[in-house]
Every structure is written in structure tokens, then in C-alpha cells.
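Text of the file entry_0.cif, holding mmCIF, C-alpha atoms:
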data_structure
loop_
_atom_site.label_atom_id
_atom_site.label_comp_id
_atom_site.auth_asym_id
_atom_site.auth_seq_id
_atom_site.Cartn_x
_atom_site.Cartn_y
_atom_site.Cartn_z
CA MET Y 1 -31.31 19.88 45.04
CA GLN Y 2 -27.98 21.36 44.10
CA GLU Y 3 -27.18 21.41 40.41
CA GLU Y 4 -24.55 18.92 39.27
CA GLN Y 5 -21.33 20.66 38.25
CA LEU Y 6 -18.51 19.79 35.89
CA THR Y 7 -14.96 20.80 36.77
CA VAL Y 8 -13.49 21.84 33.44
CA SER Y 9 -9.77 22.41 33.04
CA VAL Y 10 -9.17 24.60 30.00
CA TRP Y 11 -5.84 25.50 28.37
CA ARG Y 12 -5.30 29.27 28.44
CA GLY Y 13 -2.51 31.38 27.03
CA GLN Y 14 -0.76 32.38 23.86
CA GLY Y 15 1.84 30.54 21.81
CA GLN Y 16 4.18 28.45 23.93
CA ASP Y 17 3.13 30.07 27.21
CA GLY Y 18 0.07 28.73 28.90
CA HIS Y 19 -1.56 26.92 31.79
CA TYR Y 20 -4.77 25.10 32.65
CA GLU Y 21 -7.53 27.16 34.25
CA ASN Y 22 -10.44 25.53 36.10
CA PHE Y 23 -14.09 26.43 35.59
CA GLN Y 24 -17.28 25.10 37.18
CA VAL Y 25 -19.89 24.44 34.51
CA PRO Y 26 -23.44 23.18 35.18
CA ARG Y 27 -24.05 19.66 33.90
CA ARG Y 28 -26.87 19.39 31.35
CA THR Y 29 -28.63 16.57 29.55
CA SER Y 30 -27.18 15.82 26.10
CA GLN Y 31 -24.49 18.44 26.71
CA THR Y 32 -21.61 18.50 24.21
CA VAL Y 33 -18.04 19.61 24.86
CA LEU Y 34 -18.69 22.58 22.56
CA ASP Y 35 -21.66 23.48 24.81
CA VAL Y 36 -19.25 23.47 27.75
CA VAL Y 37 -16.73 25.89 26.23
CA THR Y 38 -19.60 28.05 24.91
CA HIS Y 39 -21.00 28.25 28.46
CA ILE Y 40 -17.61 29.33 29.78
CA GLN Y 41 -17.31 32.05 27.12
CA ARG Y 42 -20.86 33.36 27.58
CA HIS Y 43 -21.14 33.20 31.35
CA LEU Y 44 -17.73 32.87 32.99
CA ASP Y 45 -14.98 34.35 30.84
CA PRO Y 46 -15.84 36.14 27.58
CA ASP Y 47 -12.14 36.22 26.73
CA LEU Y 48 -11.92 32.46 26.08
CA GLY Y 49 -10.78 31.81 22.51
CA PHE Y 50 -12.03 28.82 20.54
CA ARG Y 51 -13.15 28.15 16.98
CA PHE Y 52 -16.47 26.75 15.79
CA ALA Y 53 -19.03 27.36 13.05
CA CYS Y 54 -21.73 24.86 12.13
CA ARG Y 55 -22.23 23.02 15.45
CA VAL Y 56 -23.53 19.94 13.61
CA GLY Y 57 -20.40 18.05 12.52
CA MET Y 58 -20.06 19.40 9.01
CA CYS Y 59 -17.53 22.20 9.00
CA GLY Y 60 -14.68 20.58 10.92
CA SER Y 61 -13.64 23.74 12.76
CA CYS Y 62 -14.29 22.85 16.42
CA ALA Y 63 -11.78 20.03 16.99
CA MET Y 64 -9.91 20.15 20.32
CA THR Y 65 -8.04 17.79 22.59
CA VAL Y 66 -10.52 16.46 25.16
CA ASN Y 67 -9.07 14.43 28.03
CA GLY Y 68 -5.93 13.87 25.97
CA VAL Y 69 -7.72 12.73 22.81
CA ALA Y 70 -8.40 14.82 19.69
CA ARG Y 71 -12.16 15.02 19.03
CA TRP Y 72 -14.81 17.08 17.23
CA THR Y 73 -16.33 18.87 20.18
CA CYS Y 74 -19.75 19.67 18.66
CA ARG Y 75 -20.61 15.98 18.35
CA THR Y 76 -18.83 14.75 21.46
CA HIS Y 77 -21.23 14.33 24.35
CA VAL Y 78 -19.85 15.13 27.77
CA GLN Y 79 -21.40 11.90 29.01
CA LYS Y 80 -19.12 9.95 26.66
CA VAL Y 81 -15.84 11.50 27.82
CA VAL Y 82 -16.32 12.82 31.37
CA GLY Y 83 -14.32 11.21 34.17
CA THR Y 84 -16.01 9.57 37.15
CA ASP Y 85 -15.26 12.67 39.22
CA ASN Y 86 -17.07 14.93 36.72
CA THR Y 87 -13.88 16.42 35.32
CA LEU Y 88 -12.98 17.41 31.79
CA GLN Y 89 -9.68 18.62 30.39
CA ILE Y 90 -9.83 20.65 27.19
CA ALA Y 91 -6.72 21.70 25.24
CA PRO Y 92 -5.95 22.83 21.69
CA LEU Y 93 -5.15 20.27 18.97
CA ALA Y 94 -1.63 18.85 19.10
CA ASN Y 95 0.86 18.97 16.19
CA LEU Y 96 -0.27 22.46 15.12
CA PRO Y 97 1.11 25.89 16.02
CA HIS Y 98 -0.81 27.39 18.92
CA ILE Y 99 -2.42 30.83 18.59
CA ARG Y 100 -4.42 31.41 21.77
CA ASP Y 101 -6.39 29.37 24.29
CA LEU Y 102 -8.04 26.56 22.27
CA VAL Y 103 -7.25 27.98 18.84
CA THR Y 104 -4.54 26.52 16.60
CA ASP Y 105 -3.09 27.77 13.35
CA MET Y 106 -4.41 25.37 10.68
CA ARG Y 107 -2.41 26.84 7.78
CA GLN Y 108 0.28 24.15 7.63
CA PHE Y 109 -2.45 21.49 7.77
CA PHE Y 110 -4.27 22.90 4.72
CA ASP Y 111 -1.08 23.88 2.89
CA LYS Y 112 -0.15 20.20 3.00
CA TRP Y 113 -3.44 19.30 1.29
CA VAL Y 114 -2.46 21.46 -1.68
CA LYS Y 115 1.20 20.44 -1.77
CA PRO Y 116 0.76 16.87 -3.16
CA GLU Y 117 -1.30 18.03 -6.16
CA GLY Y 118 -4.40 18.28 -3.99
CA ARG Y 119 -6.45 20.04 -6.67
CA PHE Y 120 -8.67 18.28 -9.16
CA VAL Y 121 -7.52 18.85 -12.75
CA GLY Y 122 -10.01 17.48 -15.26
CA LYS Y 123 -9.69 16.84 -18.97
CA SER Y 124 -13.06 18.09 -20.21
CA ASN Y 125 -14.98 21.34 -20.03
CA ARG Y 126 -18.59 22.26 -19.35
CA HIS Y 127 -19.54 22.04 -23.02
CA GLN Y 128 -18.74 18.35 -23.16
CA GLU Y 129 -20.79 15.40 -21.94
CA PHE Y 130 -20.63 14.44 -18.29
CA ALA Y 131 -18.05 11.80 -17.49
CA THR Y 132 -19.63 8.46 -16.63
CA VAL Y 133 -18.13 6.96 -13.50
CA LYS Y 134 -19.44 3.50 -12.69
CA PRO Y 135 -20.56 3.48 -9.05
CA ASP Y 136 -19.35 -0.08 -8.54
CA SER Y 137 -15.89 0.36 -10.09
CA VAL Y 138 -12.97 -0.34 -7.76
CA GLU Y 139 -11.62 3.21 -8.11
CA ARG Y 140 -15.00 4.77 -7.33
CA GLN Y 141 -15.35 2.55 -4.26
CA HIS Y 142 -11.88 3.58 -3.07
CA ALA Y 143 -12.71 7.26 -3.59
CA ASN Y 144 -16.06 6.84 -1.83
CA GLN Y 145 -14.30 5.74 1.33
CA GLY Y 146 -12.32 8.96 1.54
CA ILE Y 147 -14.41 11.82 0.19
CA GLU Y 148 -16.44 12.58 3.31
CA CYS Y 149 -13.47 14.23 5.07
CA ILE Y 150 -14.47 17.50 6.76
CA GLY Y 151 -10.90 18.72 7.33
CA CYS Y 152 -11.16 18.88 11.11
CA GLY Y 153 -7.49 18.05 11.73
CA VAL Y 154 -8.24 15.31 14.31
CA CYS Y 155 -6.21 12.74 12.34
CA TYR Y 156 -3.29 15.16 11.89
CA SER Y 157 -3.30 15.94 15.58
CA SER Y 158 -3.43 12.23 16.52
CA CYS Y 159 -0.59 11.16 14.21
CA ASP Y 160 2.71 10.31 15.93
CA VAL Y 161 4.59 10.48 12.62
CA VAL Y 162 3.58 14.15 12.24
CA THR Y 163 5.00 14.73 15.73
CA GLN Y 164 8.29 13.07 14.80
CA ARG Y 165 8.55 14.41 11.25
CA PRO Y 166 7.03 17.89 10.94
CA ASP Y 167 7.45 17.75 7.15
CA TYR Y 168 5.23 14.64 6.88
CA LEU Y 169 2.11 15.43 4.84
CA GLY Y 170 -0.21 13.73 7.32
CA PRO Y 171 -3.28 11.51 7.00
CA ALA Y 172 -5.83 14.06 5.75
CA ALA Y 173 -3.70 15.37 2.88
CA LEU Y 174 -2.77 11.84 1.81
CA ASN Y 175 -6.39 10.73 2.07
CA ARG Y 176 -7.33 13.63 -0.21
CA ALA Y 177 -4.59 12.62 -2.67
CA TRP Y 178 -5.91 9.04 -2.65
CA THR Y 179 -9.43 10.15 -3.59
CA LEU Y 180 -8.00 12.12 -6.52
CA VAL Y 181 -5.73 9.26 -7.65
CA ASN Y 182 -8.90 7.18 -7.89
CA ASP Y 183 -10.82 9.85 -9.78
CA GLU Y 184 -10.76 8.64 -13.38
CA ARG Y 185 -11.56 12.17 -14.67
CA ASP Y 186 -8.37 13.58 -13.14
CA THR Y 187 -5.27 14.07 -15.30
CA ARG Y 188 -2.49 14.46 -12.74
CA LYS Y 189 -2.18 10.91 -11.43
CA LEU Y 190 1.55 10.39 -11.99
CA GLU Y 191 2.45 13.88 -10.78
CA ARG Y 192 0.40 13.24 -7.67
CA LEU Y 193 2.02 9.84 -7.05
CA ALA Y 194 5.43 11.52 -7.38
CA ALA Y 195 4.37 14.23 -4.92
CA VAL Y 196 3.16 11.79 -2.25
CA ALA Y 197 6.08 9.33 -2.55
CA GLY Y 198 8.93 9.17 -0.12
CA ASP Y 199 9.75 9.92 3.49
CA ALA Y 200 7.83 13.19 3.77
CA GLY Y 201 4.91 11.50 2.05
CA CYS Y 202 3.02 8.24 2.33
CA HIS Y 203 6.08 6.03 2.88
CA ALA Y 204 6.72 7.56 6.30
CA CYS Y 205 3.42 6.17 7.65
CA HIS Y 206 3.96 3.41 10.24
CA THR Y 207 0.40 2.09 9.90
CA GLN Y 208 -0.28 2.68 13.59
CA GLY Y 209 -3.83 3.62 12.67
CA SER Y 210 -4.40 6.48 15.14
CA CYS Y 211 -5.94 8.54 12.30
CA THR Y 212 -8.44 5.80 11.50
CA LEU Y 213 -9.19 5.20 15.17
CA ARG Y 214 -9.86 8.89 15.87
CA CYS Y 215 -11.52 10.06 12.63
CA PRO Y 216 -14.94 11.36 13.67
CA LYS Y 217 -16.33 10.52 10.21
CA GLN Y 218 -15.11 6.90 10.49
CA LEU Y 219 -12.91 7.28 7.43
CA THR Y 220 -9.84 5.07 6.99
CA PRO Y 221 -6.86 7.29 6.09
CA THR Y 222 -4.59 4.34 6.98
CA ALA Y 223 -6.06 2.35 4.08
CA SER Y 224 -5.81 5.36 1.76
CA ILE Y 225 -2.14 5.78 2.65
CA ALA Y 226 -1.50 2.05 2.14
CA GLY Y 227 -3.01 2.38 -1.35
CA LEU Y 228 -0.79 5.35 -2.14
CA LYS Y 229 2.28 3.47 -0.86
CA ARG Y 230 1.58 0.57 -3.21
CA LEU Y 231 0.86 2.65 -6.31
CA SER Y 232 3.67 5.16 -5.86
CA ALA Y 233 6.29 2.52 -4.95
CA ARG Y 234 5.35 0.48 -8.02
CA ALA Y 235 5.53 3.61 -10.17
CA ALA Y 236 8.96 4.40 -8.67
CA MET Y 237 10.24 0.88 -9.39
CA LYS Y 238 9.02 1.15 -12.99
CA GLY Y 239 10.69 4.55 -13.33
CA GLU Y 240 7.35 6.25 -14.10
CA ILE Y 241 7.78 8.88 -11.40
CA MET X 1 23.83 10.18 -2.21
CA ASN X 2 20.37 9.82 -3.80
CA ASP X 3 17.63 10.82 -1.38
CA SER X 4 14.92 11.78 -3.85
CA PRO X 5 11.32 10.78 -3.11
CA ARG X 6 11.65 8.22 -5.88
CA ALA X 7 14.71 6.64 -4.22
CA GLN X 8 12.87 6.68 -0.87
CA ALA X 9 9.86 4.95 -2.44
CA ARG X 10 12.15 2.34 -4.00
CA ARG X 11 13.83 1.66 -0.67
CA TRP X 12 10.37 1.25 0.90
CA TYR X 13 9.44 -1.23 -1.83
CA LEU X 14 12.64 -3.25 -1.42
CA GLN X 15 12.14 -3.25 2.33
CA ARG X 16 8.64 -4.70 1.90
CA ILE X 17 9.77 -7.35 -0.60
CA SER X 18 12.68 -8.36 1.66
CA ALA X 19 10.23 -8.51 4.60
CA MET X 20 8.11 -11.02 2.68
CA VAL X 21 11.20 -13.12 1.93
CA LEU X 22 12.35 -12.88 5.55
CA ALA X 23 8.91 -13.89 6.87
CA ILE X 24 9.28 -17.28 5.18
CA LEU X 25 13.02 -17.71 5.87
CA VAL X 26 12.72 -16.81 9.57
CA LEU X 27 9.78 -19.14 10.06
CA VAL X 28 11.56 -22.11 8.47
CA HIS X 29 14.74 -21.25 10.40
CA LEU X 30 12.88 -21.17 13.73
CA VAL X 31 10.99 -24.40 13.08
CA ILE X 32 14.19 -26.28 12.15
CA MET X 33 16.09 -24.80 15.09
CA VAL X 34 13.41 -25.69 17.65
CA TYR X 35 13.03 -29.16 16.12
CA ALA X 36 16.81 -29.80 16.22
CA VAL X 37 17.31 -28.54 19.76
CA ARG X 38 14.26 -30.33 21.15
CA GLY X 39 15.55 -33.49 19.45
CA GLY X 40 18.62 -33.15 21.68
CA LEU X 41 21.24 -32.28 19.10
CA SER X 42 24.28 -30.35 20.32
CA GLY X 43 25.93 -27.50 18.43
CA ALA X 44 28.68 -29.79 17.19
CA GLU X 45 26.17 -32.38 15.99
CA ILE X 46 24.20 -29.72 14.14
CA LEU X 47 27.40 -28.43 12.52
CA ALA X 48 28.30 -31.97 11.44
CA ARG X 49 24.97 -32.23 9.64
CA THR X 50 25.02 -28.76 8.06
CA GLN X 51 28.61 -28.60 6.84
CA GLY X 52 28.95 -29.03 3.12
CA ASN X 53 25.21 -28.79 2.56
CA ALA X 54 24.90 -26.51 -0.46
CA TRP X 55 21.12 -26.10 -0.03
CA LEU X 56 21.56 -24.74 3.49
CA ALA X 57 24.40 -22.49 2.35
CA VAL X 58 22.22 -20.99 -0.38
CA TYR X 59 19.30 -20.70 2.05
CA TYR X 60 21.31 -18.75 4.61
CA ALA X 61 23.13 -16.70 1.98
CA LEU X 62 19.69 -15.55 0.81
CA PHE X 63 18.75 -14.93 4.46
CA VAL X 64 21.77 -12.65 4.88
CA LEU X 65 21.00 -10.81 1.64
CA ALA X 66 17.38 -10.21 2.70
CA CYS X 67 18.60 -8.86 6.07
CA ALA X 68 21.13 -6.59 4.37
CA VAL X 69 18.34 -5.13 2.23
CA HIS X 70 15.72 -4.90 4.99
CA VAL X 71 17.54 -3.78 8.12
CA PRO X 72 19.41 -0.65 6.92
CA THR X 73 16.26 1.10 5.65
CA GLY X 74 14.56 0.59 9.00
CA LEU X 75 17.63 1.75 10.94
CA ALA X 76 17.91 4.89 8.79
CA ASN X 77 14.24 5.68 9.44
CA ILE X 78 14.71 5.27 13.19
CA ALA X 79 17.81 7.49 13.10
CA VAL X 80 15.92 10.23 11.24
CA GLU X 81 12.69 10.05 13.24
CA TRP X 82 13.97 9.43 16.74
CA ALA X 83 17.52 10.79 16.77
CA HIS X 84 16.73 13.50 14.18
CA TRP X 85 19.80 12.69 12.14
CA PRO X 86 20.06 14.40 8.77
CA ALA X 87 18.95 12.02 6.01
CA SER X 88 22.40 11.99 4.39
CA ARG X 89 24.09 10.79 7.59
CA ALA X 90 21.37 8.18 8.21
CA LEU X 91 21.78 6.85 4.67
CA LEU X 92 25.54 6.64 5.05
CA MET X 93 25.11 4.70 8.30
CA ALA X 94 22.57 2.44 6.59
CA ARG X 95 24.91 1.65 3.71
CA GLY X 96 27.69 0.85 6.18
CA MET X 97 25.33 -1.42 8.08
CA ALA X 98 24.28 -3.17 4.86
CA LEU X 99 27.91 -3.83 4.02
CA LEU X 100 28.66 -5.07 7.55
CA LEU X 101 25.68 -7.45 7.49
CA LEU X 102 26.64 -8.78 4.06
CA VAL X 103 30.32 -9.33 4.85
CA THR X 104 29.91 -10.85 8.32
CA GLY X 105 26.80 -12.83 7.34
CA TRP X 106 28.21 -14.36 4.18
CA ARG X 107 31.50 -15.01 5.94
CA ALA X 108 29.63 -17.00 8.60
CA VAL X 109 27.68 -18.93 5.95
CA TYR X 110 30.92 -19.72 4.16
CA ALA X 111 32.55 -20.86 7.40
CA VAL X 112 29.68 -23.23 8.20
CA PHE X 113 29.68 -24.60 4.65
CA THR X 114 33.40 -25.25 4.51
CA GLY X 115 33.96 -26.00 8.17
CA GLY X 116 36.25 -23.00 8.50
CA ALA X 117 38.72 -24.08 5.78
CA THR X 118 39.88 -21.23 3.61
#
Would you mind writing the file's structure down as C-alpha cells?
Amino acid sequence: MQEEQLTVSVWRGQGQDGHYENFQVPRRTSQTVLDVVTHIQRHLDPDLGFRFACRVGMCGSCAMTVNGVARWTCRTHVQKVVGTDNTLQIAPLANLPHIRDLVTDMRQFFDKWVKPEGRFVGKSNRHQEFATVKPDSVERQHANQGIECIGCGVCYSSCDVVTQRPDYLGPAALNRAWTLVNDERDTRKLERLAAVAGDAGCHACHTQGSCTLRCPKQLTPTASIAGLKRLSARAAMKGEI
Amino acid sequence: MNDSPRAQARRWYLQRISAMVLAILVLVHLVIMVYAVRGGLSGAEILARTQGNAWLAVYYALFVLACAVHVPTGLANIAVEWAHWPASRALLMARGMALLLLVTGWRAVYAVFTGGAT
């Protein structure tokens, strides 16, 4: 019996110039989209550029646009996304500068994490007692919902506001800021609220929820951003920021 | 023109508060309007009942104020995001729109209250 084949259309090229190139890839059981591009690179075209590392959904480096939707490719089974005619279309993430083939430049994405005070700044040192954070406190619960982000860029790529406003911080950076705002050990709360406020920050979000819909870790950046909107707008009205 | 993140956050806040006010005002307005029209009242009959009613005048004056706060912020955002206007131009347009809504809206409320007498 002839082996079942996938027709895979892959974006090739550098920068703005590019086109889709078709490859025939054998269909396998439990095959992931990352398996598909790996097969192309190992057996059909060693020149294909794509980024990956852990292959198990932890590192967040393998995200691509699969059939028009941003996904983590290592945990996306072909069976889940393939069309009825056994076709797949694989492109780089949207909303990020393109380098080559399926590789995007993630610098602006991560720079925006740092921009709104994205670093933890504590008030104690290692010689002092550990801070006691109650697991059931509201702040801890809020932080819990956001801290599992792997930085894959799927939310950023899926966000229409990022497309319209390139200076918008985006869901991942704001989600990170929200976890820090709710970290009672952190000392930069007001500075952070000032940094996320306004039209390049959380107040540009239209609550469309694409980030929450697409997040492979089932996080809710939309809720994090809503929390930031409330806190920073209140702080602005009180003149605290 | 102040376009600091703090001013942007304040505008967002005022837009949300005015949206809450409008949600109630619009609902009451629609219910009364549908009730009056389905009851068979003509425009002239409605005017005869509303003229001189201070409660209605205050109600619609507040309605106009909430619109004048709410609408311009949204329009400025659309102008920046979709037409890629510079923020300063969008804000100027928004302020003009706020003034237009206030003047024409309150003028209409005044005309209904007084029956057009000046």
C-alpha cells in the first residue's frame, strides 16, 4: 500500500521577499508539525530555516503560523490541524520582523517585556528570612494565573492591536507585568503601573481575546491586561502615577 | 496638548465611567421610546408631553454630557489605529467633536424643554 503523504506548503525566503514552496512529507502516527518541518530539513531540503530547542513545550522557541493560526509546533499534532485534503501551510509568526524561512526576529518581543519594568526588584537580601506569601491570597492567585508563560510569542503574533499599533507592548509583556504587580515582595509597583498605562500599554487592548484563545499554555493575558487597566487607571485618577 | 500615559489612562477611565452611565441612560431611553411609539403617540404628542419637564431635560442633558465624554476618546483611538493619524491631530479632532456634541446636544435639550422659545 502506498504511504499516505502530506502536501506541506512552507514559507521560504528572506525578509520581505518570499514565497510558499510545496513539499511531500510522509504521514506518521502522532506526528507533530515540528516533526514535519524537521523531516523536510533532514530529508528534502537541509537549507530550511526554523527555530526549536526542547521539543516538549517548555522553551517556547518553535512557534509558527500553521494554517493561518499561530501555534507551538512541537505540541501541535498534524491530525489536529491538517485539512481534509492532507494539506498544511506553515509560515513564520506574524507581527515580528522576518529573518529567513520560518524564523522571526524576537528581539522587539522580548525588549517589550523589559520595557514596562519587567524585572523583579525585591526589598530583602539572601541573609534575611524568606518572604511568606499566602498561597490563597488574591494577589498570589492572580500571579499564579500568569506565571507559566513560556515566551513563545503566539499571543503577540495573534494580537490585532500589535498589528495596528507596533508600539503596543503586547499580551505577553503585559501579562508579565501583571504577575509582578501582584508579587508582594516587589518594590516597583507604581513605576510599573506608570510604565504599562496609556495607549502603547494596557489601555490600547480591545479585549478581543485572541491572546487568550491562542495561548498554548491556556493562560489568560486578557484578564491580566484588564487587571492592569483597572489598577493603572485608578492610580492615574488619584495622581499616584 | 497632554498626551502622557497618565492622561491616556485617565481618558480610558472616563470613557469607561461614561459607558456605565450611558448603558443605563440608553436602556431607559429605548424602553420609553418603544413604549411611546407602540402606544401610538405621534412626534407632536410626545413633544407636548415632554416640553417643560425638568426631569427629562436633566436626564437628556446628562445623556449629552456622557456622550461628549465617551465618544471623542473612541473616535481618537479609531483615527490613530485605523487611519494612523498622529495622536496630537486625533486629540484635536476629539476635542472638537466633544464640543460639537455638547453644543448641539444641549441646544436640542434646551429647545425641547422650552419649546423653541429663546
message: Using the chain letters and numbers from this file, what does the PyMOL selection byres ((chain Y) within 8 of (chain X)) select? Give the answer as a list in words.
response: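 Going through the file, the PyMOL selection byres ((chain Y) within 8 of (chain X)) ends up selecting Gln164, Arg165, Ala194, Ala195, Ala197, Gly198, Asp199, His203, Lys229, Ser232, Ala233, Arg234, Ala236, Met237 and Ile241 of chain Y.
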Same residues, C-alpha atoms, output as a PDB file, keeping the file's coordinate frame:
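File result-v1.pdb, as written:
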ATOM      1  CA  GLN Y 164       8.290  13.070  14.800  1.00  0.00           C
ATOM      2  CA  ARG Y 165       8.550  14.410  11.250  1.00  0.00           C
ATOM      3  CA  ALA Y 194       5.430  11.520  -7.380  1.00  0.00           C
ATOM      4  CA  ALA Y 195       4.370  14.230  -4.920  1.00  0.00           C
ATOM      5  CA  ALA Y 197       6.080   9.330  -2.550  1.00  0.00           C
ATOM      6  CA  GLY Y 198       8.930   9.170  -0.120  1.00  0.00           C
ATOM      7  CA  ASP Y 199       9.750   9.920   3.490  1.00  0.00           C
ATOM      8  CA  HIS Y 203       6.080   6.030   2.880  1.00  0.00           C
ATOM      9  CA  LYS Y 229       2.280   3.470  -0.860  1.00  0.00           C
ATOM     10  CA  SER Y 232       3.670   5.160  -5.860  1.00  0.00           C
ATOM     11  CA  ALA Y 233       6.290   2.520  -4.950  1.00  0.00           C
ATOM     12  CA  ARG Y 234       5.350   0.480  -8.020  1.00  0.00           C
ATOM     13  CA  ALA Y 236       8.960   4.400  -8.670  1.00  0.00           C
ATOM     14  CA  MET Y 237      10.240   0.880  -9.390  1.00  0.00           C
ATOM     15  CA  ILE Y 241       7.780   8.880 -11.400  1.00  0.00           C
TER      16      ILE Y 241
END
- Task: Please evaluate the PyMOL selection byres ((chain Y and resi 31) around 6) against the structure above and give the resulting residues as a PyMOL selection string.
- Result: chain Y and resi 28-30+32+77-78
Dump as a compact mmCIF listing (two decimals), in the frame of the given file, selection limited to C-alpha atoms:
# COMPACT_ATOMS: atom_id res chain seq x y z
CA ARG Y 28 -26.87 19.39 31.35
CA THR Y 29 -28.63 16.57 29.55
CA SER Y 30 -27.18 15.82 26.10
CA THR Y 32 -21.61 18.50 24.21
CA HIS Y 77 -21.23 14.33 24.35
CA VAL Y 78 -19.85 15.13 27.77
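Taking atom CA of Y:Ala200 as the reference point, atom CA of X:Ala68 is found at 23.8 Å.
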Self-check item: Selection near stretch 22-27 of chain Y, 6 Å with only C-alpha atoms, sequence-local residues under 5 positions removed, as a ChimeraX atom specification
Solution: /Y:4-9
- Figure out the distance between atom CA of Y:Leu174 and atom CA of Y:Pro221, please, to one decimal in Å.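 Pair atom CA of Y:Pro221 / atom CA of Y:Leu174 returns 7.5 Å.
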Convert the output of the PyMOL selection byres ((chain X and resi 39-55) around 7) on the shown file into explicit residues, formatted as a PyMOL selection string. chain X and resi 35-38+56-59+112-115
Which polymer residues have any atom within 10 Å of an atom of Y:Thr222, counting only C-alpha atoms, with same-chain residues fewer than 5 positions away left out, as a ChimeraX atom specification? /Y:171-172,174-175,202,205-213,227-228
Check your understanding: Counting only C-alpha atoms, what is within 12 Å of X:Leu99, bar same-chain residues fewer than 3 positions away, as JSON, numbers by chain?
Key -> {"X": [64, 65, 67, 68, 69, 71, 72, 92, 93, 94, 95, 96, 102, 103, 104, 105, 106, 107]}
Quick check, in Å to one decimal: how far apart do atom CA of Y:Pro216 and atom CA of Y:Leu34 lie?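 Interatomic distance here is 14.8 Å.
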With distances taken over only C-alpha atoms, the candidate from X:Ile78, X:Val31, X:Tyr110, X:Thr73 nearest X:Met97 is X:Thr73
Exercise for review: Taking (4.7, 30.9, 24.0) in the file's own coordinates, collect the residues within 10 Å, counting all atoms listed in the file, and hand them back as a list in words.
Suggested key: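 Counting all atoms listed in the file, I find these residues within 10 Å of (4.7, 30.9, 24.0): Gly13, Gln14, Gly15, Gln16, Asp17, Gly18, His98, Ile99 and Arg100 of chain Y.
When all atoms listed in the file are used to compute distances to Y:Leu169, the closest of the residues Y:Arg192, Y:Lys112, Y:Arg119, Y:Lys134 turns out to be Y:Lys112.
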